[in-house]
file start_35.cif (mmCIF, C-alpha atoms; chains and numbers go by the auth columns)
data_target
#
loop_
_atom_site.group_PDB
_atom_site.id
_atom_site.type_symbol
_atom_site.label_atom_id
_atom_site.label_comp_id
_atom_site.label_asym_id
_atom_site.label_seq_id
_atom_site.Cartn_x
_atom_site.Cartn_y
_atom_site.Cartn_z
_atom_site.B_iso_or_equiv
_atom_site.auth_seq_id
_atom_site.auth_asym_id
ATOM 1 C CA MET A 1 0.000 0.000 0.000 0.00 1478 I
ATOM 2 C CA ALA A 2 1.390 3.399 -0.999 0.00 1479 I
ATOM 3 C CA ILE A 3 1.004 5.893 1.823 0.00 1480 I
ATOM 4 C CA THR A 4 2.326 9.441 2.002 0.00 1481 I
ATOM 5 C CA LEU A 5 5.505 10.544 3.750 0.00 1482 I
ATOM 6 C CA ALA A 6 3.389 12.288 6.392 0.00 1483 I
ATOM 7 C CA GLU A 7 1.465 9.088 7.093 0.00 1484 I
ATOM 8 C CA GLU A 8 4.707 7.114 7.298 0.00 1485 I
ATOM 9 C CA ILE A 9 6.069 9.488 9.938 0.00 1486 I
ATOM 10 C CA MET A 10 2.771 9.323 11.820 0.00 1487 I
ATOM 11 C CA LEU A 11 2.809 5.527 11.702 0.00 1488 I
ATOM 12 C CA LEU A 12 6.342 5.430 13.116 0.00 1489 I
ATOM 13 C CA SER A 13 5.251 7.672 15.995 0.00 1490 I
ATOM 14 C CA LEU A 14 2.414 5.405 17.146 0.00 1491 I
ATOM 15 C CA ASP A 15 3.159 3.036 20.010 0.00 1492 I
ATOM 16 C CA ASP A 16 2.838 -0.532 18.721 0.00 1493 I
ATOM 17 C CA GLU A 17 1.029 -1.762 21.811 0.00 1494 I
ATOM 18 C CA SER A 18 -1.224 1.111 22.886 0.00 1495 I
ATOM 19 C CA GLY A 19 -1.632 2.989 19.632 0.00 1496 I
ATOM 20 C CA SER A 20 -0.892 6.305 21.375 0.00 1497 I
ATOM 21 C CA ALA A 21 1.228 8.939 19.650 0.00 1498 I
ATOM 22 C CA LYS A 22 4.795 9.391 20.909 0.00 1499 I
ATOM 23 C CA GLN A 23 6.833 12.612 20.647 0.00 1500 I
ATOM 24 C CA ARG A 24 3.696 14.239 19.285 0.00 1501 I
ATOM 25 C CA GLN A 25 5.051 17.774 18.982 0.00 1502 I
ATOM 26 C CA ALA A 26 8.267 16.845 17.174 0.00 1503 I
ATOM 27 C CA ALA A 27 6.349 14.375 15.013 0.00 1504 I
ATOM 28 C CA GLY A 28 3.937 17.173 14.139 0.00 1505 I
ATOM 29 C CA TRP A 29 6.720 19.240 12.565 0.00 1506 I
ATOM 30 C CA ALA A 30 7.894 16.229 10.564 0.00 1507 I
ATOM 31 C CA VAL A 31 4.351 15.299 9.475 0.00 1508 I
ATOM 32 C CA SER A 32 3.686 18.838 8.272 0.00 1509 I
ATOM 33 C CA GLY A 33 7.062 18.850 6.528 0.00 1510 I
ATOM 34 C CA GLY A 34 6.215 15.490 4.956 0.00 1511 I
ATOM 35 C CA ILE A 35 3.035 16.871 3.409 0.00 1512 I
ATOM 36 C CA LEU A 36 4.968 19.873 2.131 0.00 1513 I
ATOM 37 C CA LEU A 37 7.663 17.663 0.597 0.00 1514 I
ATOM 38 C CA GLU A 38 4.997 15.526 -1.116 0.00 1515 I
ATOM 39 C CA LEU A 39 3.571 18.706 -2.644 0.00 1516 I
ATOM 40 C CA VAL A 40 7.067 19.732 -3.787 0.00 1517 I
ATOM 41 C CA LEU A 41 7.614 16.309 -5.390 0.00 1518 I
ATOM 42 C CA ALA A 42 4.202 16.588 -7.062 0.00 1519 I
ATOM 43 C CA GLY A 43 5.054 20.019 -8.454 0.00 1520 I
ATOM 44 C CA ARG A 44 2.295 21.766 -6.504 0.00 1521 I
ATOM 45 C CA VAL A 45 4.508 23.789 -4.169 0.00 1522 I
ATOM 46 C CA SER A 46 8.001 25.226 -4.342 0.00 1523 I
ATOM 47 C CA VAL A 47 10.226 26.042 -1.388 0.00 1524 I
ATOM 48 C CA ALA A 48 13.089 28.469 -1.935 0.00 1525 I
ATOM 49 C CA GLY A 49 15.152 29.952 0.858 0.00 1526 I
ATOM 50 C CA LYS A 50 12.760 30.884 3.634 0.00 1527 I
ATOM 51 C CA HIS A 51 9.671 31.046 1.453 0.00 1528 I
ATOM 52 C CA LEU A 52 6.889 28.777 0.246 0.00 1529 I
ATOM 53 C CA GLU A 53 5.028 29.353 -3.018 0.00 1530 I
ATOM 54 C CA LEU A 54 1.978 27.567 -4.428 0.00 1531 I
ATOM 55 C CA THR A 55 2.678 26.791 -8.099 0.00 1532 I
ATOM 56 C CA ASP A 56 -0.157 24.464 -9.167 0.00 1533 I
ATOM 57 C CA THR A 57 -3.597 23.774 -7.652 0.00 1534 I
ATOM 58 C CA THR A 58 -4.410 20.779 -9.854 0.00 1535 I
ATOM 59 C CA PRO A 59 -5.640 17.910 -7.613 0.00 1536 I
ATOM 60 C CA THR A 60 -3.157 15.091 -7.001 0.00 1537 I
ATOM 61 C CA GLY A 61 -5.914 12.586 -6.258 0.00 1538 I
ATOM 62 C CA ASP A 62 -4.754 12.143 -2.656 0.00 1539 I
ATOM 63 C CA GLN A 63 -7.197 13.672 -0.186 0.00 1540 I
ATOM 64 C CA LEU A 64 -4.559 14.493 2.447 0.00 1541 I
ATOM 65 C CA LEU A 65 -2.393 16.372 -0.045 0.00 1542 I
ATOM 66 C CA ASP A 66 -5.250 18.092 -1.856 0.00 1543 I
ATOM 67 C CA SER A 67 -6.774 19.333 1.393 0.00 1544 I
ATOM 68 C CA ARG A 68 -3.443 20.939 2.270 0.00 1545 I
ATOM 69 C CA THR A 69 -3.154 22.535 -1.159 0.00 1546 I
ATOM 70 C CA ALA A 70 -6.536 24.176 -0.584 0.00 1547 I
ATOM 71 C CA LEU A 71 -5.472 25.357 2.880 0.00 1548 I
ATOM 72 C CA ILE A 72 -2.213 26.812 1.563 0.00 1549 I
ATOM 73 C CA GLU A 73 -4.103 28.605 -1.201 0.00 1550 I
ATOM 74 C CA THR A 74 -6.428 30.184 1.377 0.00 1551 I
ATOM 75 C CA TRP A 75 -3.524 30.967 3.714 0.00 1552 I
ATOM 76 C CA LEU A 76 -1.629 32.844 1.014 0.00 1553 I
ATOM 77 C CA ARG A 77 -4.710 34.994 0.261 0.00 1554 I
ATOM 78 C CA GLY A 78 -3.450 36.416 -2.982 0.00 1555 I
ATOM 79 C CA ARG A 79 0.148 36.715 -1.842 0.00 1556 I
ATOM 80 C CA LYS A 80 2.669 34.950 -4.015 0.00 1557 I
ATOM 81 C CA LYS A 81 4.666 33.466 -1.170 0.00 1558 I
ATOM 82 C CA ARG A 82 5.123 33.423 2.603 0.00 1559 I
ATOM 83 C CA ARG A 83 7.675 32.003 5.031 0.00 1560 I
ATOM 84 C CA VAL A 84 7.975 28.235 5.397 0.00 1561 I
ATOM 85 C CA THR A 85 8.271 28.604 9.175 0.00 1562 I
ATOM 86 C CA GLU A 86 4.908 30.366 9.294 0.00 1563 I
ATOM 87 C CA TRP A 87 3.184 27.501 7.493 0.00 1564 I
ATOM 88 C CA LEU A 88 4.854 24.745 9.528 0.00 1565 I
ATOM 89 C CA THR A 89 3.958 26.534 12.755 0.00 1566 I
ATOM 90 C CA LYS A 90 0.363 26.960 11.635 0.00 1567 I
ATOM 91 C CA ASP A 91 -0.052 23.437 10.289 0.00 1568 I
ATOM 92 C CA GLN A 92 1.941 21.118 12.562 0.00 1569 I
ATOM 93 C CA ALA A 93 -0.768 20.413 15.151 0.00 1570 I
ATOM 94 C CA LYS A 94 -3.553 19.988 12.592 0.00 1571 I
ATOM 95 C CA ALA A 95 -1.369 17.908 10.265 0.00 1572 I
ATOM 96 C CA VAL A 96 -1.152 15.151 12.884 0.00 1573 I
ATOM 97 C CA GLY A 97 -4.930 14.789 13.005 0.00 1574 I
ATOM 98 C CA ALA A 98 -5.190 14.890 9.218 0.00 1575 I
ATOM 99 C CA ALA A 99 -2.554 12.157 8.824 0.00 1576 I
ATOM 100 C CA LEU A 100 -4.261 9.969 11.434 0.00 1577 I
ATOM 101 C CA GLU A 101 -7.618 10.423 9.729 0.00 1578 I
ATOM 102 C CA SER A 102 -6.062 9.411 6.414 0.00 1579 I
ATOM 103 C CA LEU A 103 -4.485 6.298 7.945 0.00 1580 I
ATOM 104 C CA CYS A 104 -7.879 5.356 9.387 0.00 1581 I
ATOM 105 C CA LYS A 105 -9.551 5.756 5.990 0.00 1582 I
ATOM 106 C CA ARG A 106 -6.907 3.523 4.441 0.00 1583 I
ATOM 107 C CA GLY A 107 -7.575 0.873 7.068 0.00 1584 I
ATOM 108 C CA VAL A 108 -4.014 0.925 8.386 0.00 1585 I
ATOM 109 C CA VAL A 109 -5.083 1.993 11.892 0.00 1586 I
ATOM 110 C CA VAL A 110 -8.392 2.237 13.722 0.00 1587 I
ATOM 111 C CA GLU A 111 -9.468 5.018 16.069 0.00 1588 I
ATOM 112 C CA GLU A 112 -10.363 3.973 19.614 0.00 1589 I
ATOM 113 C CA LYS A 113 -11.879 6.449 22.072 0.00 1590 I
ATOM 114 C CA HIS A 114 -11.426 6.119 25.835 0.00 1591 I
ATOM 115 C CA LYS A 115 -11.934 8.283 28.883 0.00 1592 I
ATOM 116 C CA ALA A 116 -9.202 8.646 31.470 0.00 1593 I
ATOM 117 C CA LEU A 117 -10.643 8.669 34.984 0.00 1594 I
ATOM 118 C CA GLY A 118 -14.015 8.464 33.294 0.00 1595 I
ATOM 119 C CA VAL A 119 -13.757 12.117 32.249 0.00 1596 I
ATOM 120 C CA PHE A 120 -10.857 13.062 29.967 0.00 1597 I
ATOM 121 C CA PRO A 121 -11.209 11.857 26.352 0.00 1598 I
ATOM 122 C CA ILE A 122 -8.284 9.911 24.940 0.00 1599 I
ATOM 123 C CA ARG A 123 -7.870 8.731 21.360 0.00 1600 I
ATOM 124 C CA ARG A 124 -5.617 5.861 20.403 0.00 1601 I
ATOM 125 C CA TYR A 125 -4.810 4.412 17.008 0.00 1602 I
ATOM 126 C CA PRO A 126 -3.772 0.737 17.098 0.00 1603 I
ATOM 127 C CA GLU A 127 -2.736 -0.811 13.802 0.00 1604 I
ATOM 128 C CA THR A 128 -5.050 -3.076 11.868 0.00 1605 I
ATOM 129 C CA ASP A 129 -2.420 -3.847 9.230 0.00 1606 I
ATOM 130 C CA GLY A 130 1.062 -4.270 10.724 0.00 1607 I
ATOM 131 C CA ALA A 131 2.540 -5.170 7.325 0.00 1608 I
ATOM 132 C CA VAL A 132 2.618 -1.498 6.270 0.00 1609 I
ATOM 133 C CA GLU A 133 4.818 -0.418 9.190 0.00 1610 I
ATOM 134 C CA ALA A 134 6.943 -3.566 8.917 0.00 1611 I
ATOM 135 C CA GLU A 135 7.737 -2.790 5.259 0.00 1612 I
ATOM 136 C CA LEU A 136 8.451 0.843 6.145 0.00 1613 I
ATOM 137 C CA ARG A 137 10.883 -0.019 8.929 0.00 1614 I
ATOM 138 C CA GLU A 138 12.636 -2.597 6.791 0.00 1615 I
ATOM 139 C CA ARG A 139 13.108 0.017 4.051 0.00 1616 I
ATOM 140 C CA LEU A 140 14.592 2.447 6.555 0.00 1617 I
ATOM 141 C CA ARG A 141 16.852 -0.220 8.074 0.00 1618 I
ATOM 142 C CA ALA A 142 18.188 -1.196 4.643 0.00 1619 I
ATOM 143 C CA VAL A 143 19.319 2.379 3.988 0.00 1620 I
ATOM 144 C CA VAL A 144 20.344 3.634 7.435 0.00 1621 I
ATOM 145 C CA LEU A 145 21.810 0.453 8.932 0.00 1622 I
ATOM 146 C CA GLY A 146 22.507 -1.583 5.786 0.00 1623 I
ATOM 147 C CA GLY A 147 24.015 1.165 3.650 0.00 1624 I
ATOM 148 C CA ALA A 148 21.645 0.670 0.699 0.00 1625 I
ATOM 149 C CA GLU A 149 21.119 3.525 -1.743 0.00 1626 I
ATOM 150 C CA PRO A 150 17.793 5.235 -1.043 0.00 1627 I
ATOM 151 C CA ASP A 151 15.159 6.172 -3.575 0.00 1628 I
ATOM 152 C CA THR A 152 13.907 9.759 -3.574 0.00 1629 I
ATOM 153 C CA ARG A 153 10.976 9.187 -1.227 0.00 1630 I
ATOM 154 C CA THR A 154 12.944 7.149 1.312 0.00 1631 I
ATOM 155 C CA ALA A 155 15.755 9.698 1.343 0.00 1632 I
ATOM 156 C CA GLY A 156 13.241 12.490 1.831 0.00 1633 I
ATOM 157 C CA LEU A 157 11.637 10.590 4.699 0.00 1634 I
ATOM 158 C CA ILE A 158 15.020 10.056 6.354 0.00 1635 I
ATOM 159 C CA ALA A 159 15.872 13.746 5.952 0.00 1636 I
ATOM 160 C CA LEU A 160 12.621 14.763 7.651 0.00 1637 I
ATOM 161 C CA ILE A 161 13.112 12.315 10.537 0.00 1638 I
ATOM 162 C CA HIS A 162 16.662 13.600 10.974 0.00 1639 I
ATOM 163 C CA SER A 163 15.543 17.242 10.931 0.00 1640 I
ATOM 164 C CA ALA A 164 12.925 16.652 13.627 0.00 1641 I
ATOM 165 C CA LYS A 165 15.432 14.625 15.700 0.00 1642 I
ATOM 166 C CA LEU A 166 13.193 11.563 15.707 0.00 1643 I
ATOM 167 C CA HIS A 167 16.069 9.087 15.383 0.00 1644 I
ATOM 168 C CA ARG A 168 15.015 7.089 18.437 0.00 1645 I
ATOM 169 C CA MET A 169 11.457 6.813 17.177 0.00 1646 I
ATOM 170 C CA ALA A 170 12.613 5.280 13.907 0.00 1647 I
ATOM 171 C CA PHE A 171 15.438 3.167 15.397 0.00 1648 I
ATOM 172 C CA PRO A 172 14.681 2.541 19.073 0.00 1649 I
ATOM 173 C CA ASP A 173 17.292 -0.205 19.466 0.00 1650 I
ATOM 174 C CA SER A 174 20.210 1.304 17.557 0.00 1651 I
ATOM 175 C CA PRO A 175 22.987 3.687 18.723 0.00 1652 I
ATOM 176 C CA ARG A 176 21.711 7.231 18.170 0.00 1653 I
ATOM 177 C CA LYS A 177 25.062 8.669 17.041 0.00 1654 I
ATOM 178 C CA GLN A 178 25.461 5.993 14.387 0.00 1655 I
ATOM 179 C CA VAL A 179 21.887 6.465 13.138 0.00 1656 I
ATOM 180 C CA ALA A 180 22.113 10.264 13.157 0.00 1657 I
ATOM 181 C CA ALA A 181 25.410 10.253 11.246 0.00 1658 I
ATOM 182 C CA ARG A 182 24.034 8.016 8.500 0.00 1659 I
ATOM 183 C CA MET A 183 20.784 10.015 8.290 0.00 1660 I
ATOM 184 C CA ALA A 184 22.774 13.237 7.900 0.00 1661 I
ATOM 185 C CA GLU A 185 24.795 11.600 5.127 0.00 1662 I
ATOM 186 C CA VAL A 186 21.623 10.515 3.308 0.00 1663 I
ATOM 187 C CA ALA A 187 20.022 13.951 3.716 0.00 1664 I
ATOM 188 C CA ALA A 188 23.071 15.577 2.121 0.00 1665 I
ATOM 189 C CA GLY A 189 23.387 13.021 -0.692 0.00 1666 I
ATOM 190 C CA GLN A 190 22.620 13.140 -4.409 0.00 1667 I
ATOM 191 C CA TRP A 191 19.314 11.285 -4.127 0.00 1668 I
ATOM 192 C CA ALA A 192 17.063 13.674 -6.044 0.00 1669 I
ATOM 193 C CA ALA A 193 17.061 16.668 -8.320 0.00 1670 I
ATOM 194 C CA GLU A 194 18.833 19.675 -6.839 0.00 1671 I
ATOM 195 C CA SER A 195 15.558 21.605 -6.621 0.00 1672 I
ATOM 196 C CA VAL A 196 14.037 18.922 -4.390 0.00 1673 I
ATOM 197 C CA ARG A 197 17.147 18.589 -2.241 0.00 1674 I
ATOM 198 C CA ALA A 198 17.289 22.355 -1.881 0.00 1675 I
ATOM 199 C CA ALA A 199 13.648 22.333 -0.761 0.00 1676 I
ATOM 200 C CA ILE A 200 14.451 19.687 1.849 0.00 1677 I
ATOM 201 C CA ARG A 201 17.436 21.711 3.108 0.00 1678 I
ATOM 202 C CA ASP A 202 15.269 24.797 3.406 0.00 1679 I
ATOM 203 C CA MET A 203 12.567 22.872 5.275 0.00 1680 I
ATOM 204 C CA GLN A 204 15.225 21.332 7.515 0.00 1681 I
ATOM 205 C CA ALA A 205 16.511 24.790 8.390 0.00 1682 I
ATOM 206 C CA ALA A 206 12.971 25.963 9.136 0.00 1683 I
ATOM 207 C CA MET A 207 12.203 22.915 11.298 0.00 1684 I
ATOM 208 C CA VAL A 208 15.472 23.239 13.225 0.00 1685 I
ATOM 209 C CA ALA A 209 14.806 26.932 13.860 0.00 1686 I
ATOM 210 C CA ILE A 210 11.309 26.180 15.135 0.00 1687 I
ATOM 211 C CA THR A 211 12.309 23.253 17.354 0.00 1688 I
ATOM 212 C CA VAL A 212 15.138 25.264 18.928 0.00 1689 I
ATOM 213 C CA VAL A 213 12.735 28.102 19.799 0.00 1690 I
ATOM 214 C CA THR A 214 10.120 25.624 21.036 0.00 1691 I
ATOM 215 C CA ALA A 215 12.637 23.837 23.268 0.00 1692 I
ATOM 216 C CA ALA A 216 13.915 27.139 24.669 0.00 1693 I
ATOM 217 C CA THR A 217 10.374 28.299 25.413 0.00 1694 I
ATOM 218 C CA ALA A 218 9.485 25.026 27.095 0.00 1695 I
ATOM 219 C CA GLY A 219 12.583 25.194 29.275 0.00 1696 I
ATOM 220 C CA SER A 220 12.118 28.801 30.378 0.00 1697 I
#

call {"tool": "encode", "arguments": {"input": "start_35.cif", "output": "structure tokens"}}
result
Amino acid sequence: MAITLAEEIMLLSLDDESGSAKQRQAAGWAVSGGILLELVLAGRVSVAGKHLELTDTTPTGDQLLDSRTALIETWLRGRKKRRVTEWLTKDQAKAVGAALESLCKRGVVVEEKHKALGVFPIRRYPETDGAVEAELRERLRAVVLGGAEPDTRTAGLIALIHSAKLHRMAFPDSPRKQVAARMAEVAAGQWAAESVRAAIRDMQAAMVAITVVTAATAGS
């Protein structure tokens, strides 16, 4: 089953036993970045320097991506471009819910609603099809731990995970320094057209800037 980069990141962030989301805030940045990268790869959005520009509103046929195209079009409100950091900040929390909804519609996970202490609503998303995540993790292992050459989508996924510092989420049982070093190498490699790699670098810079500010705010 072909799922989007955003859904792949979301799937990696779900606890295998409980179905609850781990590292939700950091995953949110990566999920939002994943949607943006998909739109770049589809030729719907361009990212240059600090700015995002909508270049084509033709539907891709994927509901998750097309809904974001519509939101970006509204957000720009006649302006040609705006800062990537503004969009990621605006979208990261909502992108998580959108990715989960899409995974539910695909039948990869199912939504379960509970109440903690009989009062506070809790949503969990256990997998109904573990084969999708198993294939995803094997693909990541082959590149990051096995040294295989990545395709464009896998390299983009690795770059996003690296940017959001979600190494442990993707490789819980592997040395972080080793994983991070290989992910950085992949992110900097010649795995796609320069325009796409430049877009990833720009999104990485935006995500790093946001996460640094977020961490500083949380610690103050």

call {"tool": "residues_around", "arguments": {"input": "start_35.cif", "residues": "Lys1558 (chain I)", "least_positions_apart": "6", "cutoff": "12 Å", "atoms": "all atoms listed in the file", "output": "list in words"}}
result
Val1522, Ser1523, Val1524, Ala1525, Gly1526, Lys1527, His1528, Leu1529, Glu1530, Leu1531, Thr1532, Ile1549, Glu1550, Thr1551, Trp1552 and Trp1564 of chain I

call {"tool": "closest_residue", "arguments": {"input": "start_35.cif", "among": "I:Gly1510, I:Ile1635, I:His1591, I:Arg1521", "to": "Thr1562 (chain I)", "atoms": "only C-alpha atoms"}}
result
I:Gly1510

call {"tool": "resolve_selection", "arguments": {"input": "start_35.cif", "expression": "the PyMOL selection byres ((chain I and resi 1535) around 12)", "output": "PyMOL selection string"}}
result
chain I and resi 1516+1519-1522+1531-1534+1536-1539+1542-1544+1546-1547+1550

call {"tool": "residues_around", "arguments": {"input": "start_35.cif", "residues": "Arg1630 (chain I)", "least_positions_apart": "4", "cutoff": "10 Å", "atoms": "only C-alpha atoms", "output": "list of chain:residue names"}}
result
I:Thr1481, I:Leu1482, I:Leu1514, I:Glu1515, I:Leu1518, I:Leu1634, I:Ile1635, I:Ala1636, I:Trp1668, I:Ala1669

call {"tool": "atom_distance", "arguments": {"input": "start_35.cif", "atom1": "CA of Glu1588 (chain I)", "atom2": "CA of Thr1631 (chain I)"}}
result
26.9 Å

call {"tool": "closest_atom_pairs", "arguments": {"input": "start_35.cif", "of": "region 1553-1599 of chain I", "to": "region 1608-1623 of chain I", "cutoff": "12 Å", "atoms": "only C-alpha atoms", "output": "Markdown table"}}
result
| residue | atom | partner | partner_atom | distance |
| --- | --- | --- | --- | --- |
| I:Leu1580 | CA | I:Val1609 | CA | 10.7 |
| I:Arg1583 | CA | I:Val1609 | CA | 10.9 |
| I:Gly1584 | CA | I:Val1609 | CA | 10.5 |
| I:Val1585 | CA | I:Val1609 | CA | 7.4 |
| I:Val1586 | CA | I:Val1609 | CA | 10.2 |

call {"tool": "closest_residue", "arguments": {"input": "start_35.cif", "among": "I:Ala1625, I:Ala1658, I:Leu1491, I:Ile1599", "to": "Val1573 (chain I)", "atoms": "all atoms listed in the file"}}
result
I:Leu1491

call {"tool": "closest_residue", "arguments": {"input": "start_35.cif", "among": "I:Ala1683, I:Val1656, I:Ala1503, I:Ala1483", "to": "Glu1578 (chain I)", "atoms": "only C-alpha atoms"}}
result
I:Ala1483

call {"tool": "closest_residue", "arguments": {"input": "start_35.cif", "among": "I:Leu1637, I:Leu1488, I:Val1561, I:Ala1675", "to": "Arg1501 (chain I)", "atoms": "only C-alpha atoms"}}
result
I:Leu1488

call {"tool": "atom_distance", "arguments": {"input": "start_35.cif", "atom1": "CA of Trp1506 (chain I)", "atom2": "CA of Met1684 (chain I)"}}
result
6.7 Å

call {"tool": "resolve_selection", "arguments": {"input": "start_35.cif", "expression": "the PyMOL selection byres ((chain I and resi 1639) around 9)", "output": "short mmCIF file (atom, residue, chain, number, x, y, z; two decimals) with C-alpha atoms, keeping the file's coordinate frame"}}
result
data_model
loop_
_atom_site.label_atom_id
_atom_site.label_comp_id
_atom_site.auth_asym_id
_atom_site.auth_seq_id
_atom_site.Cartn_x
_atom_site.Cartn_y
_atom_site.Cartn_z
CA LEU I 1634 11.64 10.59 4.70
CA ILE I 1635 15.02 10.06 6.35
CA ALA I 1636 15.87 13.75 5.95
CA LEU I 1637 12.62 14.76 7.65
CA ILE I 1638 13.11 12.32 10.54
CA SER I 1640 15.54 17.24 10.93
CA ALA I 1641 12.92 16.65 13.63
CA LYS I 1642 15.43 14.62 15.70
CA LEU I 1643 13.19 11.56 15.71
CA HIS I 1644 16.07 9.09 15.38
CA ALA I 1657 22.11 10.26 13.16
CA MET I 1660 20.78 10.02 8.29
CA ALA I 1661 22.77 13.24 7.90
CA ALA I 1664 20.02 13.95 3.72
CA GLN I 1681 15.22 21.33 7.52
#

call {"tool": "closest_atom_pairs", "arguments": {"input": "start_35.cif", "of": "region 1552-1670 of chain I", "to": "region 1493-1499 of chain I", "cutoff": "8 Å", "atoms": "only C-alpha atoms", "output": "JSON lines"}}
result
{"residue": "I:Arg1600", "atom": "CA", "partner": "I:Ser1497", "partner_atom": "CA", "distance": 7.4}
{"residue": "I:Arg1601", "atom": "CA", "partner": "I:Ser1497", "partner_atom": "CA", "distance": 4.8}
{"residue": "I:Tyr1602", "atom": "CA", "partner": "I:Gly1496", "partner_atom": "CA", "distance": 4.4}
{"residue": "I:Pro1603", "atom": "CA", "partner": "I:Gly1496", "partner_atom": "CA", "distance": 4.0}
{"residue": "I:Glu1604", "atom": "CA", "partner": "I:Gly1496", "partner_atom": "CA", "distance": 7.0}

call {"tool": "atom_distance", "arguments": {"input": "start_35.cif", "atom1": "CA of Leu1553 (chain I)", "atom2": "CA of Leu1565 (chain I)"}}
result
13.4 Å

call {"tool": "axis_aligned_box", "arguments": {"input": "start_35.cif", "around": "region 1558-1570 of chain I", "padding_each_side": "8 Å", "output": "JSON"}}
result
{"center_x": 3.8, "center_y": 26.9, "center_z": 7.0, "size_x": 25.0, "size_y": 29.1, "size_z": 32.3}
